[in-house]
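File shown: protein17.cif (mmCIF, C-alpha atoms).
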data_query
#
loop_
_atom_site.label_atom_id
_atom_site.label_comp_id
_atom_site.auth_asym_id
_atom_site.auth_seq_id
_atom_site.Cartn_x
_atom_site.Cartn_y
_atom_site.Cartn_z
CA MET A 56 80.16 44.23 68.09
CA PHE A 57 80.31 40.84 66.40
CA SER A 58 80.62 42.24 62.89
CA GLY A 59 83.95 40.48 62.44
CA LEU A 60 82.43 37.00 62.87
CA ARG A 61 82.51 34.45 60.06
CA HIS A 62 81.04 31.00 59.71
CA VAL A 63 83.08 27.86 60.41
CA GLY A 64 85.02 26.34 57.59
CA ASN A 65 87.20 29.10 56.34
CA GLY A 66 89.23 26.66 54.24
CA GLY A 67 92.66 27.93 55.16
CA ASP A 68 91.87 31.51 54.07
CA SER A 69 94.88 33.58 55.16
CA ARG A 70 92.66 36.41 56.33
CA TYR A 71 91.51 34.23 59.24
CA LEU A 72 93.45 33.68 62.45
CA SER A 73 95.90 30.78 62.62
CA MET A 74 93.30 28.47 64.22
CA PRO A 75 91.72 26.43 61.42
CA ASP A 76 88.11 27.09 62.57
CA SER A 77 88.44 30.58 63.99
CA PRO A 78 85.38 32.63 63.11
CA PHE A 79 87.31 35.89 63.23
CA THR A 80 89.37 37.59 60.57
CA LEU A 81 92.52 39.18 61.89
CA THR A 82 90.98 42.62 61.46
CA GLY A 83 87.79 41.52 63.21
CA ALA A 84 89.74 40.05 66.11
CA VAL A 85 91.85 43.19 66.49
CA VAL A 86 88.74 45.39 66.41
CA LEU A 87 87.01 43.24 69.03
CA LEU A 88 90.10 43.18 71.25
CA PHE A 89 90.36 46.95 70.89
CA ILE A 90 86.67 47.43 71.75
CA GLY A 91 87.12 45.19 74.81
CA LEU A 92 90.16 47.11 75.98
CA LEU A 93 88.44 50.43 75.37
CA GLY A 94 85.41 49.19 77.31
CA ILE A 95 87.57 48.25 80.28
CA ILE A 96 89.28 51.65 80.27
CA PHE A 97 85.88 53.38 79.97
CA CYS A 98 84.51 51.41 82.95
CA LEU A 99 87.53 52.27 85.09
CA ALA A 100 87.25 55.92 84.05
CA LEU A 101 83.61 55.91 85.14
CA VAL A 102 84.65 54.43 88.50
CA GLY A 103 87.24 57.21 88.82
CA ARG A 104 84.55 59.82 88.16
CA ARG A 105 82.25 58.17 90.73
CA LYS A 106 79.68 57.46 88.03
CA LEU A 107 79.95 53.69 88.35
CA THR A 108 80.55 51.77 91.55
CA MET A 109 83.38 49.26 91.68
CA SER A 110 81.01 46.33 92.27
CA TYR A 111 79.20 47.00 88.98
CA ALA A 112 82.42 47.88 87.15
CA ILE A 113 83.84 44.45 88.05
CA VAL A 114 80.87 42.76 86.36
CA TRP A 115 81.40 44.71 83.12
CA VAL A 116 85.19 44.37 83.19
CA LEU A 117 84.87 40.59 83.66
CA LEU A 118 82.45 40.42 80.73
CA LEU A 119 84.78 42.40 78.49
CA ILE A 120 87.79 40.29 79.54
CA GLY A 121 85.72 37.19 78.76
CA MET A 122 84.91 38.57 75.32
CA ASP A 123 88.57 39.35 74.64
CA LEU A 124 89.64 35.88 75.78
CA LEU A 125 87.15 34.26 73.41
CA VAL A 126 88.50 36.36 70.55
CA ALA A 127 92.18 35.81 71.38
CA PHE A 128 91.94 32.10 72.14
CA PRO A 129 89.67 30.26 69.68
CA PRO A 130 90.06 26.95 71.62
CA LEU A 131 87.97 28.61 74.32
CA LEU A 132 85.26 29.15 71.75
CA ARG A 133 85.42 25.49 70.77
CA LEU A 134 85.12 24.57 74.45
CA ALA A 135 82.06 26.81 74.69
CA MET A 136 80.64 25.08 71.59
CA ARG A 137 81.08 21.68 73.22
CA ILE A 138 79.54 22.83 76.51
CA LEU A 139 76.58 24.54 74.83
CA GLY A 140 76.15 21.72 72.34
CA THR A 141 76.15 23.90 69.25
CA ALA A 142 77.49 22.76 65.88
CA GLU A 143 78.93 26.07 64.74
CA THR A 144 80.89 28.85 66.39
CA LEU A 145 78.46 31.56 65.39
CA GLY A 146 75.62 29.66 67.05
CA ALA A 147 77.73 29.26 70.18
CA LEU A 148 78.48 32.97 70.22
CA ARG A 149 74.81 33.87 69.77
CA LEU A 150 73.81 31.53 72.56
CA LEU A 151 76.56 32.86 74.81
CA ALA A 152 75.46 36.43 74.11
CA LEU A 153 71.82 35.55 74.85
CA VAL A 154 72.67 33.72 78.08
CA THR A 155 74.90 36.61 79.15
CA ILE A 156 72.21 39.20 78.43
CA VAL A 157 69.57 37.21 80.32
CA ALA A 158 71.96 36.66 83.23
CA PHE A 159 72.75 40.37 83.29
CA LEU A 160 69.08 41.32 83.22
CA ILE A 161 68.34 39.01 86.14
CA PHE A 162 71.38 40.27 88.02
CA PHE A 163 70.38 43.90 87.56
CA SER A 164 66.71 43.19 88.33
CA VAL A 165 67.81 41.72 91.64
CA LYS A 166 70.08 44.70 92.30
CA VAL A 167 67.31 47.17 91.45
CA SER A 168 64.84 45.28 93.64
CA VAL A 169 67.23 45.30 96.58
CA LEU A 170 67.85 49.02 96.09
CA THR A 171 64.10 49.69 95.74
CA ASN A 172 63.44 47.87 99.01
CA ARG A 173 66.18 49.82 100.76
CA PHE A 174 64.93 53.08 99.30
CA GLU A 175 61.36 52.38 100.36
CA GLU A 176 62.42 51.45 103.85
CA LEU A 177 64.48 54.62 104.04
CA VAL A 178 61.51 56.72 102.93
CA GLN A 179 59.32 55.04 105.55
CA ARG A 180 61.93 55.64 108.24
CA MET A 181 62.26 59.24 107.09
CA ALA A 182 58.49 59.73 107.36
CA LEU A 183 58.45 58.30 110.88
CA VAL A 184 61.43 60.41 111.98
CA ASP A 185 59.75 63.47 110.44
CA TYR A 186 56.70 62.75 112.60
CA GLU A 187 58.83 62.56 115.76
CA LEU A 188 60.57 65.78 114.79
CA ARG A 189 57.29 67.62 114.29
CA LYS A 190 56.07 66.33 117.63
CA GLN A 191 59.21 67.58 119.36
CA ILE A 192 59.06 70.98 117.67
CA SER A 193 55.39 71.43 118.53
CA GLY A 194 56.08 70.31 122.14
CA ARG A 195 58.91 72.82 122.48
CA GLN A 196 56.85 75.60 120.95
CA SER A 197 53.89 75.00 123.23
CA MET A 198 56.29 75.24 126.18
CA ALA A 199 57.84 78.45 124.81
CA GLY A 200 54.50 80.20 124.39
CA GLY A 201 51.97 81.28 121.83
CA ASP A 202 54.23 83.67 119.88
CA ALA A 203 56.50 80.88 118.78
CA ILE A 204 53.52 78.89 117.62
CA LYS A 205 52.35 81.80 115.53
CA ALA A 206 55.82 82.32 114.11
CA GLN A 207 56.14 78.81 112.81
CA ASP A 208 53.31 76.42 112.12
CA PRO A 209 54.14 73.33 114.18
CA LYS A 210 51.86 71.17 112.06
CA ALA A 211 53.92 71.77 108.98
CA SER A 212 56.43 69.04 108.24
CA PRO A 213 60.10 70.08 108.61
CA LEU A 214 60.75 67.99 105.52
CA SER A 215 58.09 69.74 103.47
CA ARG A 216 59.40 73.12 104.68
CA GLU A 217 62.88 72.10 103.58
CA SER A 218 61.68 71.02 100.19
CA SER A 219 59.55 74.11 99.65
CA MET B 157 42.44 48.41 128.18
CA GLN B 158 43.93 47.88 124.76
CA LYS B 159 45.43 50.81 122.92
CA GLY B 160 44.33 51.15 119.31
CA LEU B 161 45.31 53.16 116.29
CA ILE B 162 43.19 54.02 113.28
CA VAL B 163 45.38 54.23 110.19
CA VAL B 164 44.15 56.05 107.09
CA PRO B 165 46.43 55.49 104.08
CA ALA B 166 45.94 58.38 101.67
CA TYR B 167 47.14 59.05 98.15
CA ASN B 168 45.80 62.07 96.25
CA GLU B 169 42.81 62.45 98.55
CA GLU B 170 42.80 66.21 99.13
CA ARG B 171 39.04 66.36 98.59
CA ASN B 172 38.16 63.35 100.73
CA ILE B 173 40.62 63.24 103.61
CA ASP B 174 39.11 66.11 105.59
CA GLY B 175 35.67 64.48 105.50
CA VAL B 176 37.01 61.09 106.55
CA VAL B 177 38.89 62.56 109.53
CA GLN B 178 35.87 64.65 110.55
CA ARG B 179 33.61 61.59 110.42
CA LEU B 180 36.12 59.66 112.52
CA ARG B 181 36.12 62.47 115.08
CA LEU B 182 32.34 62.45 115.26
CA CYS B 183 32.48 58.81 116.33
CA ASN B 184 34.50 59.74 119.43
CA TYR B 185 36.55 56.58 119.38
CA PRO B 186 39.26 56.26 122.02
CA GLU B 187 41.75 55.19 119.31
CA SER B 188 44.28 57.66 117.97
CA VAL B 189 44.03 58.51 114.29
CA LEU B 190 47.04 58.50 112.00
CA VAL B 191 46.89 59.49 108.35
CA VAL B 192 49.69 58.08 106.17
CA ASN B 193 50.14 60.41 103.22
CA ASP B 194 51.75 58.28 100.55
CA GLY B 195 53.60 60.99 98.62
CA SER B 196 50.42 62.54 97.22
CA ARG B 197 50.91 64.82 94.24
CA ASP B 198 47.84 66.91 95.01
CA GLY B 199 47.23 69.06 98.08
CA THR B 200 46.65 66.19 100.53
CA LEU B 201 49.72 67.13 102.58
CA SER B 202 48.65 70.79 102.76
CA VAL B 203 45.19 69.73 103.89
CA LEU B 204 46.74 67.54 106.59
CA GLU B 205 49.03 70.35 107.72
CA GLY B 206 46.00 72.54 108.20
CA MET B 207 44.12 69.93 110.20
CA ASP B 208 44.47 68.87 113.80
CA VAL B 209 45.39 65.28 113.01
CA SER B 210 48.52 63.17 113.35
CA TYR B 211 50.08 62.19 110.09
CA VAL B 212 53.21 60.70 108.64
CA SER B 213 54.11 61.61 105.12
CA HIS B 214 56.16 59.68 102.58
CA PRO B 215 58.17 62.21 100.56
CA VAL B 216 57.50 60.07 97.47
CA ASN B 217 54.75 57.66 96.49
CA LEU B 218 55.58 54.10 97.59
CA GLY B 219 52.25 52.40 97.01
CA TYR B 220 49.33 51.27 99.12
CA VAL B 221 51.01 48.38 100.87
CA ARG B 222 54.01 50.47 101.94
CA ALA B 223 51.61 53.03 103.40
CA LEU B 224 49.99 50.26 105.45
CA GLN B 225 53.43 49.05 106.47
CA THR B 226 54.39 52.53 107.68
CA GLY B 227 51.19 52.54 109.75
CA ILE B 228 52.10 49.16 111.25
CA ARG B 229 55.66 50.30 112.00
CA PHE B 230 54.31 53.43 113.68
CA ALA B 231 51.88 51.37 115.78
CA ASP B 232 54.62 48.92 116.68
CA GLU B 233 57.03 51.64 117.77
CA HIS B 234 54.37 53.48 119.78
CA GLY B 235 53.10 50.41 121.59
CA TYR B 236 49.64 50.09 120.07
CA ASP B 237 47.82 46.81 120.55
CA TYR B 238 45.77 46.85 117.39
CA ILE B 239 45.28 48.80 114.19
CA VAL B 240 42.15 49.57 112.23
CA PHE B 241 42.79 50.39 108.59
CA ILE B 242 40.23 52.54 106.86
CA ASP B 243 40.41 53.93 103.32
CA ALA B 244 40.77 57.66 102.75
CA ASP B 245 38.30 57.78 99.86
CA GLY B 246 35.29 58.02 102.17
CA GLN B 247 33.79 54.70 101.04
CA HIS B 248 33.97 53.17 104.51
CA ASP B 249 31.67 54.29 107.27
CA PRO B 250 33.79 55.01 110.38
CA ARG B 251 30.82 54.07 112.57
CA GLN B 252 31.38 50.46 111.51
CA ILE B 253 34.75 50.41 113.22
CA ALA B 254 32.72 49.57 116.30
CA GLU B 255 31.66 46.32 114.62
CA LEU B 256 35.22 45.42 113.74
CA LYS B 257 36.25 46.03 117.32
CA ALA B 258 33.34 44.04 118.70
CA ALA B 259 34.45 41.06 116.65
CA GLY B 260 38.18 41.51 117.11
CA LEU B 261 38.74 42.71 120.63
CA VAL B 262 37.55 39.63 122.47
CA LEU B 263 39.54 37.06 124.38
CA GLN B 264 40.97 34.42 122.04
CA GLY B 265 39.47 36.44 119.22
CA PRO B 266 40.63 36.56 115.62
CA ASP B 267 44.00 37.98 114.63
CA ILE B 268 42.52 39.82 111.68
CA VAL B 269 39.01 41.12 111.21
CA ILE B 270 37.94 42.10 107.71
CA GLY B 271 35.08 44.46 107.00
CA SER B 272 33.35 42.54 104.23
CA ARG B 273 31.15 43.94 101.49
CA PHE B 274 29.82 40.51 100.61
CA VAL B 275 28.40 39.11 103.78
CA SER B 276 25.92 41.91 104.31
CA GLU B 277 22.39 42.17 103.00
CA ARG B 278 23.29 45.29 101.06
CA ARG B 279 25.71 43.56 98.75
CA TYR B 280 28.40 45.55 97.01
CA ARG B 281 27.75 46.07 93.32
CA GLY B 282 31.14 46.81 91.81
CA PRO B 283 32.13 46.44 88.15
CA LEU B 284 31.66 42.92 86.76
CA GLY B 285 35.39 42.31 86.19
CA ARG B 286 36.20 43.25 89.74
CA ARG B 287 33.43 41.06 91.12
CA LEU B 288 34.62 38.10 89.07
CA GLY B 289 38.16 38.63 90.31
CA MET B 290 36.95 38.77 93.89
CA MET B 291 34.98 35.55 93.40
CA LEU B 292 38.09 33.84 92.08
CA PHE B 293 40.24 34.99 94.98
CA SER B 294 37.53 34.16 97.48
CA TRP B 295 37.44 30.63 96.03
CA LEU B 296 41.23 30.48 96.29
CA THR B 297 41.16 31.35 99.99
CA ALA B 298 38.73 28.48 100.56
CA ARG B 299 40.74 26.00 98.48
CA LEU B 300 44.19 26.98 99.70
CA GLY B 301 43.56 28.42 103.13
CA GLY B 302 40.69 26.21 104.21
CA LYS B 303 38.33 29.08 105.01
CA ARG B 304 36.26 31.07 102.59
CA ILE B 305 36.86 34.79 102.88
CA TYR B 306 34.32 36.62 100.78
CA ASP B 307 35.90 40.04 100.56
CA THR B 308 39.58 39.61 99.82
CA THR B 309 40.19 43.17 98.69
CA SER B 310 38.65 45.09 101.54
CA GLY B 311 40.79 47.91 102.91
CA PHE B 312 38.71 48.03 106.09
CA LYS B 313 40.51 45.76 108.54
CA LEU B 314 41.53 45.33 112.13
CA ILE B 315 44.80 43.58 112.92
CA HIS B 316 46.28 42.64 116.26
CA ARG B 317 49.71 43.45 117.57
CA ARG B 318 50.61 39.75 117.64
CA VAL B 319 50.58 39.72 113.84
CA PHE B 320 52.19 43.15 113.24
CA ALA B 321 55.65 41.71 112.61
CA VAL B 322 54.42 38.81 110.48
CA MET B 323 52.27 41.08 108.33
CA CYS B 324 54.95 43.74 108.03
CA GLU B 325 57.64 41.33 106.86
CA ARG B 326 55.49 39.43 104.39
CA MET B 327 53.80 42.27 102.55
CA ILE B 328 54.60 41.59 98.94
CA GLY B 329 51.24 42.14 97.31
CA ASP B 330 48.49 44.56 98.22
CA PHE B 331 47.64 43.01 101.60
CA HIS B 332 44.71 41.27 99.96
CA ALA B 333 44.10 37.62 98.96
CA GLU B 334 47.77 36.65 99.17
CA MET B 335 48.03 37.83 102.78
CA ILE B 336 44.73 36.18 103.65
CA VAL B 337 45.91 32.85 102.24
CA PHE B 338 49.25 33.32 104.00
CA ALA B 339 47.55 34.12 107.32
CA LEU B 340 45.17 31.16 107.06
CA LEU B 341 47.98 28.77 106.16
CA ALA B 342 50.11 30.18 108.99
CA GLY B 343 47.30 29.28 111.39
CA LEU B 344 46.11 32.82 112.10
CA LYS B 345 42.44 33.44 112.74
CA ILE B 346 40.49 35.65 110.35
CA GLU B 347 36.90 36.74 110.60
CA GLU B 348 34.67 38.84 108.41
CA VAL B 349 32.05 41.26 109.61
CA PRO B 350 29.49 42.75 107.25
CA ILE B 351 29.92 46.36 106.22
CA ALA B 352 28.26 48.65 103.71
CA VAL B 353 30.31 50.87 101.43
CA ALA B 354 29.43 54.13 99.75
CA GLU B 355 30.56 55.23 96.32
CA ARG B 356 33.75 57.28 96.12
CA ARG B 357 32.82 60.99 95.98
CA HIS B 358 35.97 62.54 94.56
CA GLY B 359 39.14 61.38 92.86
CA VAL B 360 39.93 58.09 91.17
CA SER B 361 40.59 54.56 92.38
CA MET B 362 44.20 53.43 92.71
CA TYR B 363 43.38 50.59 90.31
CA GLY B 364 43.41 51.84 86.74
CA TRP B 365 42.86 49.47 83.79
CA LEU B 366 46.53 48.44 83.70
CA GLU B 367 46.66 47.75 87.43
CA SER B 368 43.43 45.76 87.12
CA LEU B 369 45.05 43.59 84.46
CA VAL B 370 48.25 43.07 86.43
CA TYR B 371 46.55 42.64 89.81
CA PRO B 372 45.34 39.01 89.44
CA ILE B 373 48.70 37.85 88.07
CA LYS B 374 50.56 39.65 90.83
CA THR B 375 48.29 38.21 93.50
CA VAL B 376 48.56 34.64 92.22
CA LEU B 377 52.36 34.94 92.07
CA ALA B 378 52.41 36.40 95.59
CA ILE B 379 50.34 33.45 96.83
CA GLY B 380 52.90 31.11 95.26
CA VAL B 381 55.77 32.93 96.97
CA LEU B 382 54.07 33.11 100.36
CA TRP B 383 52.86 29.50 100.37
CA PRO B 384 56.08 27.87 101.68
CA GLN B 385 56.74 30.79 104.01
CA ALA B 386 53.31 30.31 105.58
CA ARG B 387 54.13 26.69 106.44
CA ARG B 388 57.33 27.82 108.16
CA GLU B 389 55.47 30.59 109.96
CA ARG B 390 52.87 28.11 111.20
CA ARG B 391 55.59 25.94 112.72
CA ARG B 392 57.28 29.00 114.26
CA LEU B 393 54.03 30.31 115.75
CA SER B 394 53.09 26.93 117.20
CA VAL B 395 56.55 26.58 118.76
CA SER B 396 56.37 30.07 120.29
CA GLN B 397 52.86 29.39 121.62
CA HIS B 398 54.00 26.21 123.33
CA ALA B 399 57.14 27.81 124.77
#

File written out as structure tokens:
Amino acid sequence: MFSGLRHVGNGGDSRYLSMPDSPFTLTGAVVLLFIGLLGIIFCLALVGRRKLTMSYAIVWVLLLIGMDLLVAFPPLLRLAMRILGTAETLGALRLLALVTIVAFLIFFSVKVSVLTNRFEELVQRMALVDYELRKQISGRQSMAGGDAIKAQDPKASPLSRESS
Amino acid sequence: MQKGLIVVPAYNEERNIDGVVQRLRLCNYPESVLVVNDGSRDGTLSVLEGMDVSYVSHPVNLGYVRALQTGIRFADEHGYDYIVFIDADGQHDPRQIAELKAAGLVLQGPDIVIGSRFVSERRYRGPLGRRLGMMLFSWLTARLGGKRIYDTTSGFKLIHRRVFAVMCERMIGDFHAEMIVFALLAGLKIEEVPIAVAERRHGVSMYGWLESLVYPIKTVLAIGVLWPQARRERRRLSVSQHA
């Protein structure tokens, strides 16, 4: 992804962007911009196919826009360098990438934990509702008479019957 | 007359669960029995379906503490006043439920009664690592909670309705040392009564070598998380008692 990066101090090499300390060659910048754009289109396509929810797509689209902005506007990179306290652009980019990855991992861990909790609560609720259902079925069958009881085992879980 | 529920959390206990339920029946307790099948992969559910016992069944495995939580939710929704938890591996003697009740069902009695393997004459002889871990957590309950609880990992417990909600909301570990420390710090009363345990007859423990390694770290972290919550809970409980 960052294959187009170069160290600071390009010495006015014409292959580099017009900014004197841009770490990107023109080709590298174009490739990165293209990858960013492609990424955004891919995310939106996934949303369209219901394979990615909009809330997650926004996170990725914002990240890709951020990457494209850094590539297109080298002053932003210098600002990042000053904020992060790094002496070279490559260091700033590495640090930014690391911080972003860690932030993403924490964000997704929180999301997964929330979903796990919801899932577990749903399973518990399902188990309790299944119990009530079995109780109702067995109550109805005992009222209807012995034949019904023979026809369908009231002890068996409606959920397990469904799944089997 | 208080209404009680005996909850048996079960995971892959097809060879033990029948015996445990039969032994509970032989005791003729007035409490209802509820088995919580925690998404067992063996034939536990089929065994339960063939037995005359109430059960709730998680379609997938959620873990021990979620099984206990389901039991608490069931008891809460059906108006039970207390729950006795007993393991499904047959290690606990159902006859000793009477001792838990004798200690717990008294006026101004404890909120939680723990069946303890370490305050009896016939002391539990588990693996050395486990015993060392238990000693550490027992020491922690004394240091942090102000009362030494000898058996922090016992699954044989009685809890009162007044702590159902608190316990249900705060379950983040295995309902062991972290909950004991939480309960003590929150001002709840805990007592231990001596019990004897038998060796597991069939199946394997839920704590494999990896779980045994992770367990102490998880428990210490859970204590750290529950510590400030316990202080808040203590204030809340004292306010509600005065109101």

Under the PyMOL selection byres ((chain B) within 12 of (chain A)), which residues of this model are included? Write them out as a compact mmCIF listing (two decimals) with C-alpha atoms, keeping the file's coordinate frame.
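selection.txt, written as the output of this step:
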# COMPACT_ATOMS: atom_id res chain seq x y z
CA LEU B 190 47.04 58.50 112.00
CA VAL B 191 46.89 59.49 108.35
CA VAL B 192 49.69 58.08 106.17
CA ASN B 193 50.14 60.41 103.22
CA ASP B 194 51.75 58.28 100.55
CA GLY B 195 53.60 60.99 98.62
CA LEU B 201 49.72 67.13 102.58
CA SER B 202 48.65 70.79 102.76
CA VAL B 203 45.19 69.73 103.89
CA LEU B 204 46.74 67.54 106.59
CA GLU B 205 49.03 70.35 107.72
CA GLY B 206 46.00 72.54 108.20
CA MET B 207 44.12 69.93 110.20
CA ASP B 208 44.47 68.87 113.80
CA VAL B 209 45.39 65.28 113.01
CA SER B 210 48.52 63.17 113.35
CA TYR B 211 50.08 62.19 110.09
CA VAL B 212 53.21 60.70 108.64
CA SER B 213 54.11 61.61 105.12
CA HIS B 214 56.16 59.68 102.58
CA PRO B 215 58.17 62.21 100.56
CA VAL B 216 57.50 60.07 97.47
CA ASN B 217 54.75 57.66 96.49
CA LEU B 218 55.58 54.10 97.59
CA GLY B 219 52.25 52.40 97.01
CA VAL B 221 51.01 48.38 100.87
CA ARG B 222 54.01 50.47 101.94
CA ALA B 223 51.61 53.03 103.40
CA LEU B 224 49.99 50.26 105.45
CA GLN B 225 53.43 49.05 106.47
CA THR B 226 54.39 52.53 107.68
CA GLY B 227 51.19 52.54 109.75
CA ILE B 228 52.10 49.16 111.25
CA ARG B 229 55.66 50.30 112.00
CA PHE B 230 54.31 53.43 113.68
CA ALA B 231 51.88 51.37 115.78
CA ASP B 232 54.62 48.92 116.68
CA GLU B 233 57.03 51.64 117.77
CA HIS B 234 54.37 53.48 119.78
CA CYS B 324 54.95 43.74 108.03
CA GLU B 325 57.64 41.33 106.86
CA MET B 327 53.80 42.27 102.55
CA ILE B 328 54.60 41.59 98.94

Which residues would end up in the selection if the PyMOL selection byres ((chain B and resi 316) around 7) were applied here, given that I need the answer as a PDB file with C-alpha atoms, keeping the file's coordinate frame?
ATOM      1  CA  ASP B 237      47.820  46.810 120.550  1.00  0.00           C
ATOM      2  CA  TYR B 238      45.770  46.850 117.390  1.00  0.00           C
ATOM      3  CA  ILE B 239      45.280  48.800 114.190  1.00  0.00           C
ATOM      4  CA  ASP B 267      44.000  37.980 114.630  1.00  0.00           C
ATOM      5  CA  ILE B 268      42.520  39.820 111.680  1.00  0.00           C
ATOM      6  CA  LEU B 314      41.530  45.330 112.130  1.00  0.00           C
ATOM      7  CA  ILE B 315      44.800  43.580 112.920  1.00  0.00           C
ATOM      8  CA  ARG B 317      49.710  43.450 117.570  1.00  0.00           C
ATOM      9  CA  ARG B 318      50.610  39.750 117.640  1.00  0.00           C
ATOM     10  CA  VAL B 319      50.580  39.720 113.840  1.00  0.00           C
ATOM     11  CA  PHE B 320      52.190  43.150 113.240  1.00  0.00           C
TER      12      PHE B 320
END

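Relative to CA of Gly235 (chain B), CA of Ser197 (chain A) is found at 24.7 Å.
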
Exercise for review: Please provide as a PyMOL selection string all residues within 10 Å of Arg388 (chain B), with the sequence filter that same-chain residues fewer than 5 positions apart are discarded (counting only C-alpha atoms).
Suggested key: chain B and resi 341-342+382-383+393

Point to revise | Matched chain/residue IDs from the PyMOL selection byres ((chain B and resi 265) around 12), as a VMD selection string | key: chain B and resid 256 to 264 266 to 269 314 to 316 318 344 to 347

Check your understanding: So which residues touch Leu139 (chain A) within 10 Å, counting only C-alpha atoms, skipping near sequence neighbours fewer than 4 positions away, as a list in words?
Key -> Arg133, Leu134, Ala135, Gly146, Ala147, Leu148, Leu150 and Leu151 of chain A

**Study point:** Separation of CA of Thr108 (chain A) from CA of Gly94 (chain A), in Å and rounded to one decimal
**Key:** 15.3 Å

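CA of Asp307 (chain B) is found 6.8 Å from CA of Ser294 (chain B).
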
Exercise for review: Excluding region 89-92 of chain A and residues on its chain fewer than 6 positions from it, collect all residues at most 12 Å away from it, counting all atoms listed in the file, and give them as a ChimeraX atom specification.
Suggested key: /A:56-59,82-83,98-99,115-127

Please enclose the listed atoms of region 260-274 of chain B in an axis-aligned box, pad each side by 6 Å, and write out the centre and the three edge lengths in Å, rounded to one decimal, as JSON.
{"center_x": 36.9, "center_y": 39.4, "center_z": 112.5, "size_x": 26.2, "size_y": 22.0, "size_z": 35.8}

Study note, to complete from the structure: For Val275 (chain B), the closest of B:Glu367, B:Glu348, B:Asp198, B:Glu170 counting all atoms listed in the file is B:Glu348

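Of the residues listed (B:Phe338, B:Tyr167, B:Trp365, B:Phe274), B:Phe338 shows the shortest atom-to-atom separation from Val381 (chain B); distances use all atoms listed in the file.
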
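The nearest approach to Ala321 (chain B) among the residues B:Asp174, B:Glu334, B:Asp249, B:Glu389, with all atoms listed in the file taken into account, belongs to B:Glu389.
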
Exercise for review: Show which residues sit within 12 Å of Gly380 (chain B), as a PyMOL selection string. Count all atoms listed in the file, and ignore same-chain residues fewer than 3 positions away.
Suggested key: chain B and resi 296+300+328-329+333-335+337-338+373-377+383-386
